[in-house]
file model_33.csv (CSV, C-alpha atoms)
chain,number,residue,atom,x,y,z
A,247,MET,CA,-37.5,-7.5,-38.5
A,248,ALA,CA,-35.5,-4.2,-38.2
A,249,ALA,CA,-36.2,-2.1,-35.1
A,250,VAL,CA,-37.8,1.3,-35.4
A,251,GLY,CA,-36.5,4.2,-33.3
A,252,LEU,CA,-38.8,6.0,-30.9
A,253,VAL,CA,-38.7,9.7,-30.1
A,254,GLY,CA,-40.4,10.3,-26.8
A,255,GLY,CA,-42.3,7.0,-27.3
A,256,ILE,CA,-43.7,8.2,-30.6
A,257,PRO,CA,-42.8,6.1,-33.7
A,258,ALA,CA,-40.2,7.9,-35.8
A,259,ALA,CA,-40.7,6.0,-39.1
A,260,PRO,CA,-42.1,2.8,-40.4
A,261,ALA,CA,-40.0,-0.3,-40.8
A,262,GLN,CA,-40.4,-3.2,-43.2
A,263,ALA,CA,-41.5,-6.6,-42.0
A,264,ALA,CA,-41.7,-8.2,-45.5
A,265,ASP,CA,-41.6,-7.0,-49.1
A,266,ASP,CA,-45.0,-5.5,-48.9
A,267,VAL,CA,-45.6,-5.2,-45.1
A,268,THR,CA,-44.6,-2.2,-43.0
A,269,TYR,CA,-44.8,-2.0,-39.2
A,270,VAL,CA,-44.1,0.5,-36.5
A,271,PRO,CA,-44.2,0.5,-32.7
A,272,LEU,CA,-47.2,2.4,-31.3
A,273,ALA,CA,-46.2,2.6,-27.7
A,274,GLY,CA,-43.1,2.0,-25.5
A,275,PRO,CA,-43.4,-0.5,-22.6
A,276,GLY,CA,-44.0,0.1,-18.9
A,277,ALA,CA,-44.6,3.6,-17.6
A,278,TYR,CA,-45.2,5.0,-21.1
A,279,ALA,CA,-48.0,2.5,-21.9
A,280,ARG,CA,-49.5,3.0,-18.4
A,281,GLY,CA,-49.5,6.8,-19.1
A,282,ILE,CA,-51.5,6.2,-22.3
A,283,VAL,CA,-54.2,4.4,-20.3
A,284,SER,CA,-54.2,7.1,-17.6
A,285,TYR,CA,-54.7,9.8,-20.3
A,286,TRP,CA,-57.9,8.0,-21.4
A,287,ILE,CA,-59.4,7.1,-18.0
A,288,ASN,CA,-58.5,10.1,-15.8
A,289,ASN,CA,-61.2,12.6,-14.8
A,290,ASN,CA,-63.9,10.0,-15.2
A,291,ALA,CA,-62.8,9.0,-18.7
A,292,ALA,CA,-63.3,12.6,-20.0
A,293,ASN,CA,-61.1,12.1,-23.0
A,294,LEU,CA,-62.8,8.9,-24.0
A,295,ILE,CA,-66.2,10.6,-23.8
A,296,LYS,CA,-65.3,13.7,-25.7
A,297,ALA,CA,-63.5,11.8,-28.5
A,298,THR,CA,-65.1,12.3,-32.0
A,299,PRO,CA,-65.3,9.9,-34.9
A,300,TYR,CA,-62.5,9.7,-37.4
A,301,GLN,CA,-64.2,10.0,-40.8
A,302,PRO,CA,-63.8,7.5,-43.7
A,303,THR,CA,-61.2,8.8,-46.1
A,304,VAL,CA,-62.4,7.5,-49.5
A,305,ASN,CA,-65.1,9.3,-51.4
A,306,VAL,CA,-66.3,6.4,-53.5
A,307,ARG,CA,-67.5,7.4,-57.0
A,308,SER,CA,-69.7,4.6,-58.3
A,309,ARG,CA,-70.0,0.9,-58.8
A,310,GLY,CA,-67.2,-0.7,-60.9
A,311,SER,CA,-65.7,-4.0,-61.9
A,312,GLU,CA,-65.2,-6.6,-59.3
A,313,PRO,CA,-61.7,-6.9,-57.9
A,314,ASN,CA,-59.8,-10.1,-58.9
A,315,PRO,CA,-58.2,-12.4,-56.3
A,316,ASP,CA,-54.5,-12.8,-56.4
A,317,GLY,CA,-54.5,-16.5,-55.4
A,318,PRO,CA,-56.8,-19.2,-54.1
A,319,PRO,CA,-59.4,-18.4,-51.5
A,320,GLY,CA,-58.3,-18.8,-47.9
A,321,LEU,CA,-59.8,-18.8,-44.4
A,322,VAL,CA,-58.3,-18.4,-40.9
A,323,GLY,CA,-60.4,-20.1,-38.3
A,324,GLU,CA,-63.3,-22.6,-38.4
A,325,ILE,CA,-66.6,-20.9,-38.3
A,326,LYS,CA,-69.7,-23.1,-38.9
A,327,PRO,CA,-72.2,-21.0,-41.0
A,328,GLU,CA,-75.8,-20.7,-40.0
A,329,SER,CA,-78.9,-19.6,-41.8
A,330,PRO,CA,-79.4,-15.8,-41.7
A,331,GLN,CA,-81.5,-14.7,-38.7
A,332,ASN,CA,-83.8,-11.6,-38.3
A,333,TYR,CA,-82.2,-11.0,-34.9
A,334,VAL,CA,-78.5,-10.7,-34.3
A,335,ASN,CA,-76.4,-11.4,-31.2
A,336,LEU,CA,-73.8,-8.6,-31.3
A,337,PRO,CA,-70.1,-9.7,-31.2
A,338,ARG,CA,-68.1,-9.1,-28.1
A,339,SER,CA,-65.0,-8.8,-30.2
A,340,THR,CA,-66.0,-5.5,-31.7
A,341,GLY,CA,-65.3,-2.1,-30.1
A,342,LYS,CA,-63.6,1.2,-30.5
A,343,VAL,CA,-60.0,2.3,-30.9
A,344,PHE,CA,-59.1,5.6,-29.5
A,345,PHE,CA,-56.1,7.8,-30.4
A,346,LEU,CA,-54.8,11.3,-30.8
A,347,ASP,CA,-54.7,12.7,-34.3
A,348,ILE,CA,-51.8,14.9,-35.6
A,349,ASP,CA,-53.4,18.0,-34.0
A,350,GLY,CA,-53.7,16.2,-30.6
A,351,ASN,CA,-57.5,15.8,-30.7
A,352,PRO,CA,-59.0,12.6,-29.2
A,353,ARG,CA,-60.7,10.5,-32.0
A,354,TRP,CA,-62.2,7.1,-32.4
A,355,CYS,CA,-62.7,4.4,-35.0
A,356,ASN,CA,-64.2,0.9,-35.1
A,357,ALA,CA,-62.1,-2.2,-34.7
A,358,THR,CA,-62.4,-5.9,-33.9
A,359,ALA,CA,-60.4,-8.6,-32.2
A,360,MET,CA,-59.0,-11.3,-34.4
A,361,LEU,CA,-58.2,-15.0,-33.9
A,362,SER,CA,-54.4,-15.4,-33.6
A,363,GLN,CA,-51.9,-17.6,-31.9
A,364,TYR,CA,-51.1,-15.1,-29.1
A,365,LYS,CA,-54.7,-13.7,-28.9
A,366,ASN,CA,-53.5,-10.1,-29.3
A,367,VAL,CA,-54.5,-8.9,-32.8
A,368,VAL,CA,-56.9,-6.1,-33.6
A,369,ALA,CA,-58.1,-5.2,-37.1
A,370,THR,CA,-59.1,-1.7,-38.2
A,371,ALA,CA,-58.9,0.6,-41.2
A,372,GLY,CA,-55.4,1.7,-42.1
A,373,HIS,CA,-56.3,5.4,-41.7
A,374,CYS,CA,-57.3,4.7,-38.1
A,375,VAL,CA,-53.6,4.0,-37.4
A,376,TYR,CA,-51.8,6.0,-40.0
A,377,GLU,CA,-52.6,9.4,-41.6
A,378,PRO,CA,-51.3,9.2,-45.2
A,379,THR,CA,-51.6,12.9,-46.1
A,380,SER,CA,-49.3,13.9,-43.2
A,381,GLN,CA,-47.4,10.6,-43.2
A,382,THR,CA,-47.7,10.2,-39.4
A,383,TYR,CA,-49.0,7.5,-37.1
A,384,HIS,CA,-51.6,8.3,-34.6
A,385,SER,CA,-50.5,8.3,-30.9
A,386,TYR,CA,-52.0,7.1,-27.6
A,387,TRP,CA,-53.7,4.2,-29.4
A,388,VAL,CA,-55.9,1.9,-27.4
A,389,PHE,CA,-58.6,-0.7,-28.1
A,390,ILE,CA,-61.7,-1.1,-25.9
A,391,PRO,CA,-64.0,-4.0,-26.8
A,392,CYS,CA,-67.7,-3.4,-26.1
A,393,TYR,CA,-67.0,0.2,-25.3
A,394,TYR,CA,-70.0,2.2,-24.0
A,395,GLU,CA,-69.9,5.8,-22.6
A,396,GLY,CA,-66.5,5.7,-21.0
A,397,LYS,CA,-66.9,2.1,-19.8
A,398,ALA,CA,-64.3,-0.7,-20.6
A,399,PRO,CA,-66.1,-3.9,-19.5
A,400,PHE,CA,-63.3,-6.2,-20.6
A,401,GLY,CA,-60.3,-3.9,-20.2
A,402,ILE,CA,-58.2,-1.3,-22.1
A,403,PHE,CA,-55.6,-2.7,-24.5
A,404,VAL,CA,-52.7,-0.5,-25.5
A,405,GLY,CA,-51.5,-0.8,-29.1
A,406,LYS,CA,-48.0,-2.3,-29.4
A,407,HIS,CA,-47.2,-2.6,-33.1
A,408,ALA,CA,-49.2,-1.6,-36.2
A,409,TYR,CA,-48.8,-3.6,-39.4
A,410,ALA,CA,-50.0,-2.2,-42.8
A,411,HIS,CA,-49.5,-2.7,-46.5
A,412,ARG,CA,-46.7,-0.8,-48.1
A,413,ASP,CA,-49.0,0.4,-50.9
A,414,PHE,CA,-51.1,2.3,-48.3
A,415,SER,CA,-48.4,3.6,-45.9
A,416,VAL,CA,-46.0,4.6,-48.7
A,417,ARG,CA,-48.0,4.9,-51.9
A,418,ARG,CA,-51.4,6.1,-50.4
A,419,ASP,CA,-53.4,3.4,-52.2
A,420,SER,CA,-56.7,3.3,-50.4
A,421,GLY,CA,-57.3,-0.1,-51.9
A,422,ARG,CA,-54.9,-1.3,-49.1
A,423,ASP,CA,-56.5,0.7,-46.3
A,424,TYR,CA,-56.3,-1.8,-43.5
A,425,SER,CA,-54.1,-2.5,-40.5
A,426,PHE,CA,-53.6,-5.3,-38.0
A,427,VAL,CA,-52.4,-4.1,-34.6
A,428,THR,CA,-50.9,-6.2,-31.8
A,429,VAL,CA,-52.0,-5.1,-28.4
A,430,ASN,CA,-50.6,-5.7,-24.9
A,431,ASN,CA,-52.6,-7.4,-22.2
A,432,GLY,CA,-55.5,-5.4,-21.1
A,433,VAL,CA,-55.7,-3.4,-17.9
A,434,ASP,CA,-58.6,-2.2,-15.8
A,435,SER,CA,-59.2,1.3,-14.3
A,436,ASN,CA,-56.7,0.4,-11.5
A,437,LEU,CA,-54.0,-0.4,-14.2
A,438,SER,CA,-54.2,-4.1,-13.0
A,439,ASP,CA,-53.5,-6.7,-15.7
A,440,VAL,CA,-56.7,-8.5,-16.9
A,441,GLY,CA,-55.1,-10.8,-19.5
A,442,ARG,CA,-55.0,-11.3,-23.2
A,443,LEU,CA,-57.6,-9.8,-25.5
A,444,GLY,CA,-58.6,-13.1,-27.1
A,445,ASP,CA,-59.1,-14.7,-23.7
A,446,LYS,CA,-61.5,-11.9,-22.8
A,447,VAL,CA,-63.6,-11.5,-25.9
A,448,GLY,CA,-62.6,-14.2,-28.4
A,449,GLY,CA,-61.9,-13.2,-32.0
A,450,GLN,CA,-63.0,-13.2,-35.6
A,451,GLY,CA,-61.6,-15.4,-38.4
A,452,LEU,CA,-60.2,-14.0,-41.6
A,453,ALA,CA,-61.4,-14.6,-45.2
A,454,TYR,CA,-59.4,-13.5,-48.3
A,455,ASN,CA,-59.6,-14.0,-52.1
A,456,GLN,CA,-63.3,-14.6,-51.7
A,457,LYS,CA,-65.9,-14.2,-54.4
A,458,VAL,CA,-67.5,-10.7,-54.6
A,459,GLY,CA,-71.3,-10.8,-54.4
A,460,VAL,CA,-71.8,-12.8,-51.2
A,461,ASN,CA,-73.7,-11.4,-48.2
A,462,VAL,CA,-71.7,-9.8,-45.4
A,463,ARG,CA,-72.9,-8.5,-42.0
A,464,VAL,CA,-71.4,-5.1,-41.1
A,465,PHE,CA,-71.0,-4.1,-37.4
A,466,GLY,CA,-70.1,-0.5,-36.4
A,467,TYR,CA,-70.8,2.4,-34.1
A,468,VAL,CA,-72.8,4.8,-36.3
A,469,SER,CA,-72.7,8.6,-36.0
A,470,GLY,CA,-74.4,11.4,-37.8
A,471,PRO,CA,-77.7,12.7,-39.1
A,472,HIS,CA,-79.9,10.5,-41.2
A,473,PRO,CA,-83.5,10.6,-42.6
A,474,SER,CA,-84.4,7.7,-40.2
A,475,GLY,CA,-83.0,9.6,-37.2
A,476,ASN,CA,-79.8,11.0,-35.8
A,477,PHE,CA,-77.1,8.5,-34.5
A,478,ASP,CA,-74.8,9.5,-31.7
A,479,GLY,CA,-72.1,6.8,-32.1
A,480,LYS,CA,-72.8,5.2,-28.7
A,481,ALA,CA,-74.5,2.0,-29.8
A,482,LEU,CA,-73.2,-0.8,-32.1
A,483,LYS,CA,-75.4,-1.2,-35.2
A,484,TRP,CA,-75.4,-3.8,-37.9
A,485,GLY,CA,-76.3,-4.0,-41.6
A,486,TYR,CA,-76.5,-6.9,-44.1
A,487,GLY,CA,-76.2,-7.3,-47.9
A,488,PRO,CA,-74.2,-8.5,-50.8
A,489,SER,CA,-70.9,-7.0,-51.8
A,490,PHE,CA,-70.1,-5.5,-55.2
A,491,GLY,CA,-67.2,-3.8,-57.0
A,492,MET,CA,-66.5,-0.1,-56.5
A,493,VAL,CA,-64.2,2.6,-57.8
A,494,ALA,CA,-62.6,5.7,-56.2
A,495,TRP,CA,-60.3,8.4,-57.5
A,496,ASP,CA,-60.1,11.7,-55.6
A,497,PHE,CA,-57.9,14.8,-55.6
A,498,GLU,CA,-57.3,16.5,-52.3
A,499,GLU,CA,-54.8,18.8,-50.6
A,500,ASP,CA,-52.2,17.5,-48.1
A,501,ARG,CA,-51.4,19.4,-44.9
A,502,LEU,CA,-49.1,21.8,-46.9
A,503,GLY,CA,-51.8,22.6,-49.3
A,504,LEU,CA,-50.3,20.7,-52.1
A,505,PRO,CA,-52.5,18.7,-54.5
A,506,SER,CA,-52.4,15.0,-53.9
A,507,ILE,CA,-54.1,12.0,-55.5
A,508,LEU,CA,-56.0,9.5,-53.3
A,509,ARG,CA,-56.5,6.4,-55.3
A,510,ALA,CA,-57.9,2.9,-54.8
A,511,LYS,CA,-57.3,-0.1,-57.0
A,512,LYS,CA,-59.3,-2.7,-55.2
A,513,LEU,CA,-62.5,-1.7,-53.5
A,514,VAL,CA,-65.8,-3.5,-52.7
A,515,GLY,CA,-69.0,-1.9,-51.6
A,516,VAL,CA,-72.1,-2.8,-49.6
A,517,SER,CA,-75.4,-0.9,-49.4
A,518,SER,CA,-75.8,0.8,-46.0
A,519,PRO,CA,-78.9,2.2,-44.2
A,520,PHE,CA,-76.7,4.4,-42.0
A,521,PRO,CA,-75.0,7.7,-42.1
A,522,GLY,CA,-71.3,7.7,-43.0
A,523,GLY,CA,-69.9,9.2,-39.8
A,524,GLY,CA,-68.2,6.9,-37.4
A,525,LEU,CA,-68.1,3.9,-39.7
A,526,SER,CA,-64.3,3.9,-40.2
A,527,GLY,CA,-62.9,0.5,-39.5
A,528,SER,CA,-66.3,-1.2,-39.0
A,529,ALA,CA,-66.1,-5.0,-39.5
A,530,TRP,CA,-67.5,-6.9,-42.5
A,531,LEU,CA,-68.1,-10.5,-41.5
A,532,LEU,CA,-68.9,-13.5,-43.7
A,533,ASP,CA,-70.8,-16.5,-42.3
A,534,TYR,CA,-71.6,-14.8,-39.1
A,535,SER,CA,-72.9,-17.2,-36.4
A,536,ASN,CA,-75.4,-16.0,-33.9
A,537,ARG,CA,-74.5,-18.8,-31.6
A,538,THR,CA,-70.8,-18.1,-31.4
A,539,ARG,CA,-70.9,-14.4,-32.3
A,540,THR,CA,-68.1,-15.0,-34.8
A,541,GLY,CA,-67.6,-15.0,-38.5
A,542,TYR,CA,-64.8,-14.3,-41.0
A,543,LEU,CA,-63.5,-10.7,-41.3
A,544,ASN,CA,-63.7,-9.9,-45.1
A,545,GLY,CA,-63.7,-6.2,-45.1
A,546,LEU,CA,-63.2,-3.0,-43.0
A,547,THR,CA,-65.1,0.2,-43.9
A,548,VAL,CA,-62.8,2.9,-45.4
A,549,GLY,CA,-65.1,5.0,-47.5
A,550,VAL,CA,-68.7,6.1,-48.0
A,551,SER,CA,-70.8,7.1,-51.0
A,552,ASP,CA,-74.0,8.8,-52.0
A,553,THR,CA,-74.7,6.9,-55.2
A,554,ASP,CA,-78.2,8.2,-55.9
A,555,GLY,CA,-77.5,11.9,-55.4
A,556,ASP,CA,-79.9,12.5,-52.5
A,557,HIS,CA,-77.1,13.8,-50.2
A,558,TRP,CA,-77.3,10.9,-47.8
A,559,THR,CA,-74.8,8.0,-47.5
A,560,ASP,CA,-76.2,4.8,-49.0
A,561,THR,CA,-73.1,2.8,-49.7
A,562,ILE,CA,-69.9,1.9,-47.7
A,563,ALA,CA,-66.7,0.6,-49.2
A,564,SER,CA,-63.8,-1.6,-48.1
A,565,SER,CA,-60.5,-2.7,-49.5
A,566,TYR,CA,-60.8,-6.1,-51.1
A,567,PHE,CA,-59.1,-8.7,-48.9
A,568,ASP,CA,-56.6,-10.8,-50.9
A,569,SER,CA,-53.3,-12.7,-50.3
A,570,ALA,CA,-51.5,-9.4,-49.5
A,571,THR,CA,-54.1,-8.8,-46.7
A,572,TYR,CA,-53.3,-12.2,-45.3
A,573,ARG,CA,-49.6,-11.4,-45.3
A,574,VAL,CA,-50.2,-8.3,-43.2
A,575,TYR,CA,-52.3,-10.3,-40.8
A,576,GLN,CA,-49.6,-13.0,-40.6
A,577,ALA,CA,-46.9,-10.5,-39.7
A,578,ALA,CA,-49.0,-9.2,-36.8
A,579,ALA,CA,-50.1,-12.6,-35.7
A,580,ALA,CA,-46.5,-13.8,-35.3
A,581,LEU,CA,-45.7,-11.3,-32.6
A,582,GLN,CA,-46.3,-11.9,-28.9
A,583,SER,CA,-47.2,-9.0,-26.7
A,584,GLY,CA,-47.6,-9.6,-22.9
A,585,PRO,CA,-48.4,-7.2,-20.1
A,586,ILE,CA,-47.5,-3.5,-20.2

call {"tool": "encode", "arguments": {"input": "model_33.csv", "output": "structure tokens"}}
result
Amino acid sequence: MAAVGLVGGIPAAPAQAADDVTYVPLAGPGAYARGIVSYWINNNAANLIKATPYQPTVNVRSRGSEPNPDGPPGLVGEIKPESPQNYVNLPRSTGKVFFLDIDGNPRWCNATAMLSQYKNVVATAGHCVYEPTSQTYHSYWVFIPCYYEGKAPFGIFVGKHAYAHRDFSVRRDSGRDYSFVTVNNGVDSNLSDVGRLGDKVGGQGLAYNQKVGVNVRVFGYVSGPHPSGNFDGKALKWGYGPSFGMVAWDFEEDRLGLPSILRAKKLVGVSSPFPGGGLSGSAWLLDYSNRTRTGYLNGLTVGVSDTDGDHWTDTIASSYFDSATYRVYQAAAALQSGPI
């Protein structure tokens, strides 16, 4: 893998890890990484608390044809399925990623820890790592599992490398809007090492080239107004239902005011009882087990839709996970991290 230059610790440009996988360093080692943690925890975690949700980027139009797999179905991990339950034990592997957007504003998305050899991989939406309209990577990127009101019960994990699909980072195809990020060992509020992510909270498996139409359980921090009540983004919520094919094709302006096409070739949707704010990067899990609090990641929320025209979000969308998704995951899972 070719190295990528850093300018003041900020990634200068993406490099290529494989034919369709790009990657970029998110943080330099040592003092730079510790400075990132300090930014978030100083002044009683003021920047964590004031961070606002980063919105889903895809305005999904309607239901469409089901995406086709590009190979045989595959699974990473061994999750024993259970019968669906009316109650749900929430996963410890889910939390929030915090970062600064291009304007320097503190923002957050959902993310989840993954099973991997080095227990250091986090999955989230691609736009929660990379902003395609400005072609820049977010800075000061950290993952906090089980985050709640400035608290990091299992530690703060600084992002080390971000891996994405070339179709998203170069061609702006939102059908590839996902990213797998390697993180360093976590640290506590004293910047003391607390160990690897997977050793603290476990991780979810990965499912790709799966049949559309099966039930998935979606976990995310929900924010925004809704007929059933307003949500403040503080608590993890969950939904459940079958997936279906979706289509999206939007025109928007980039940061220079020039028209740009936001397109998506492979999307799946799930009906959602929640508002669209704050759902970016929320995990879609197949065969979720209440006993182990694990399942197979089979989607990450990248878009929302009002399909019945009542001006309230009723559907969320994810990229379809296929063999290309697995290759991006593999690239991230092959890299060891270690302490900051």

call {"tool": "residues_around", "arguments": {"input": "model_33.csv", "residues": "A:Gly487", "least_positions_apart": "2", "cutoff": "8 Å", "atoms": "all atoms listed in the file", "output": "number ranges by chain"}}
result
A: 460-463, 485, 489, 516-517

call {"tool": "write_last_selection", "arguments": {"input": "model_33.csv", "atoms": "C-alpha atoms", "output": "PDB file, in the frame of the given file"}}
result
ATOM      1  CA  VAL A 460     -71.800 -12.800 -51.200  1.00  0.00           C
ATOM      2  CA  ASN A 461     -73.700 -11.400 -48.200  1.00  0.00           C
ATOM      3  CA  VAL A 462     -71.700  -9.800 -45.400  1.00  0.00           C
ATOM      4  CA  ARG A 463     -72.900  -8.500 -42.000  1.00  0.00           C
ATOM      5  CA  GLY A 485     -76.300  -4.000 -41.600  1.00  0.00           C
ATOM      6  CA  SER A 489     -70.900  -7.000 -51.800  1.00  0.00           C
ATOM      7  CA  VAL A 516     -72.100  -2.800 -49.600  1.00  0.00           C
ATOM      8  CA  SER A 517     -75.400  -0.900 -49.400  1.00  0.00           C
TER       9      SER A 517
END

call {"tool": "closest_residue", "arguments": {"input": "model_33.csv", "among": "A:Gln381, A:Thr538, A:Asn290, A:Ser362", "to": "A:Ile325", "atoms": "all atoms listed in the file"}}
result
A:Thr538

call {"tool": "atom_distance", "arguments": {"input": "model_33.csv", "atom1": "atom CA of A:Ala580", "atom2": "atom CA of A:Pro378"}}
result
25.5 Å

call {"tool": "closest_residue", "arguments": {"input": "model_33.csv", "among": "A:Ala297, A:Ala410, A:Phe490, A:Asn431", "to": "A:Gly396", "atoms": "all atoms listed in the file"}}
result
A:Ala297

call {"tool": "closest_residue", "arguments": {"input": "model_33.csv", "among": "A:Leu452, A:Leu336, A:Val367, A:Leu513", "to": "A:Asp419", "atoms": "all atoms listed in the file"}}
result
A:Leu513

call {"tool": "closest_atom_pairs", "arguments": {"input": "model_33.csv", "of": "stretch 369-473 of chain A", "to": "stretch 560-576 of chain A", "cutoff": "9 Å", "atoms": "all atoms listed in the file", "output": "CSV"}}
result
residue,atom,partner,partner_atom,distance
A:Ala369,CA,A:Tyr575,CA,8.6
A:Ala371,CA,A:Ser564,CA,8.7
A:Tyr409,CA,A:Val574,CA,6.2
A:Ala410,CA,A:Val574,CA,6.1
A:His411,CA,A:Val574,CA,6.5
A:Ser420,CA,A:Ser565,CA,7.2
A:Gly421,CA,A:Ser565,CA,4.8
A:Arg422,CA,A:Ser565,CA,5.8
A:Asp423,CA,A:Ser565,CA,6.1
A:Tyr424,CA,A:Ser565,CA,7.4
A:Ser425,CA,A:Val574,CA,7.5
A:Phe426,CA,A:Tyr575,CA,5.9
A:Val427,CA,A:Tyr575,CA,8.8
A:Leu452,CA,A:Tyr572,CA,8.0
A:Ala453,CA,A:Phe567,CA,7.3
A:Tyr454,CA,A:Asp568,CA,4.7
A:Asn455,CA,A:Asp568,CA,4.5
A:Gln456,CA,A:Asp568,CA,7.7
A:Val458,CA,A:Tyr566,CA,8.8

call {"tool": "closest_residue", "arguments": {"input": "model_33.csv", "among": "A:Thr382, A:Asn476, A:Ser438, A:Thr370", "to": "A:Thr547", "atoms": "all atoms listed in the file"}}
result
A:Thr370

call {"tool": "residues_near_point", "arguments": {"input": "model_33.csv", "point": "(-52.7, -8.8, -21.2)", "cutoff": "12 Å", "atoms": "only C-alpha atoms", "output": "number ranges by chain"}}
result
A: 364-367, 400-406, 428-434, 437-446, 582-586

call {"tool": "write_last_selection", "arguments": {"input": "model_33.csv", "atoms": "C-alpha atoms", "output": "short mmCIF file (atom, residue, chain, number, x, y, z; two decimals), keeping the file's coordinate frame"}}
result
data_model
loop_
_atom_site.label_atom_id
_atom_site.label_comp_id
_atom_site.auth_asym_id
_atom_site.auth_seq_id
_atom_site.Cartn_x
_atom_site.Cartn_y
_atom_site.Cartn_z
CA TYR A 364 -51.10 -15.10 -29.10
CA LYS A 365 -54.70 -13.70 -28.90
CA ASN A 366 -53.50 -10.10 -29.30
CA VAL A 367 -54.50 -8.90 -32.80
CA PHE A 400 -63.30 -6.20 -20.60
CA GLY A 401 -60.30 -3.90 -20.20
CA ILE A 402 -58.20 -1.30 -22.10
CA PHE A 403 -55.60 -2.70 -24.50
CA VAL A 404 -52.70 -0.50 -25.50
CA GLY A 405 -51.50 -0.80 -29.10
CA LYS A 406 -48.00 -2.30 -29.40
CA THR A 428 -50.90 -6.20 -31.80
CA VAL A 429 -52.00 -5.10 -28.40
CA ASN A 430 -50.60 -5.70 -24.90
CA ASN A 431 -52.60 -7.40 -22.20
CA GLY A 432 -55.50 -5.40 -21.10
CA VAL A 433 -55.70 -3.40 -17.90
CA ASP A 434 -58.60 -2.20 -15.80
CA LEU A 437 -54.00 -0.40 -14.20
CA SER A 438 -54.20 -4.10 -13.00
CA ASP A 439 -53.50 -6.70 -15.70
CA VAL A 440 -56.70 -8.50 -16.90
CA GLY A 441 -55.10 -10.80 -19.50
CA ARG A 442 -55.00 -11.30 -23.20
CA LEU A 443 -57.60 -9.80 -25.50
CA GLY A 444 -58.60 -13.10 -27.10
CA ASP A 445 -59.10 -14.70 -23.70
CA LYS A 446 -61.50 -11.90 -22.80
CA GLN A 582 -46.30 -11.90 -28.90
CA SER A 583 -47.20 -9.00 -26.70
CA GLY A 584 -47.60 -9.60 -22.90
CA PRO A 585 -48.40 -7.20 -20.10
CA ILE A 586 -47.50 -3.50 -20.20
#

call {"tool": "residues_around", "arguments": {"input": "model_33.csv", "residues": "A:Ala291", "least_positions_apart": "6", "cutoff": "12 Å", "atoms": "all atoms listed in the file", "output": "PyMOL selection string"}}
result
chain A and resi 283-285+297+344+352+393-398+402+435

call {"tool": "atom_distance", "arguments": {"input": "model_33.csv", "atom1": "atom CA of A:Leu294", "atom2": "atom CA of A:Ile390"}}
result
10.2 Å

call {"tool": "closest_residue", "arguments": {"input": "model_33.csv", "among": "A:Arg412, A:His373, A:Lys512, A:Arg353", "to": "A:Val267", "atoms": "all atoms listed in the file"}}
result
A:Arg412

call {"tool": "atom_distance", "arguments": {"input": "model_33.csv", "atom1": "atom CA of A:Leu525", "atom2": "atom CA of A:Ser469"}}
result
7.5 Å
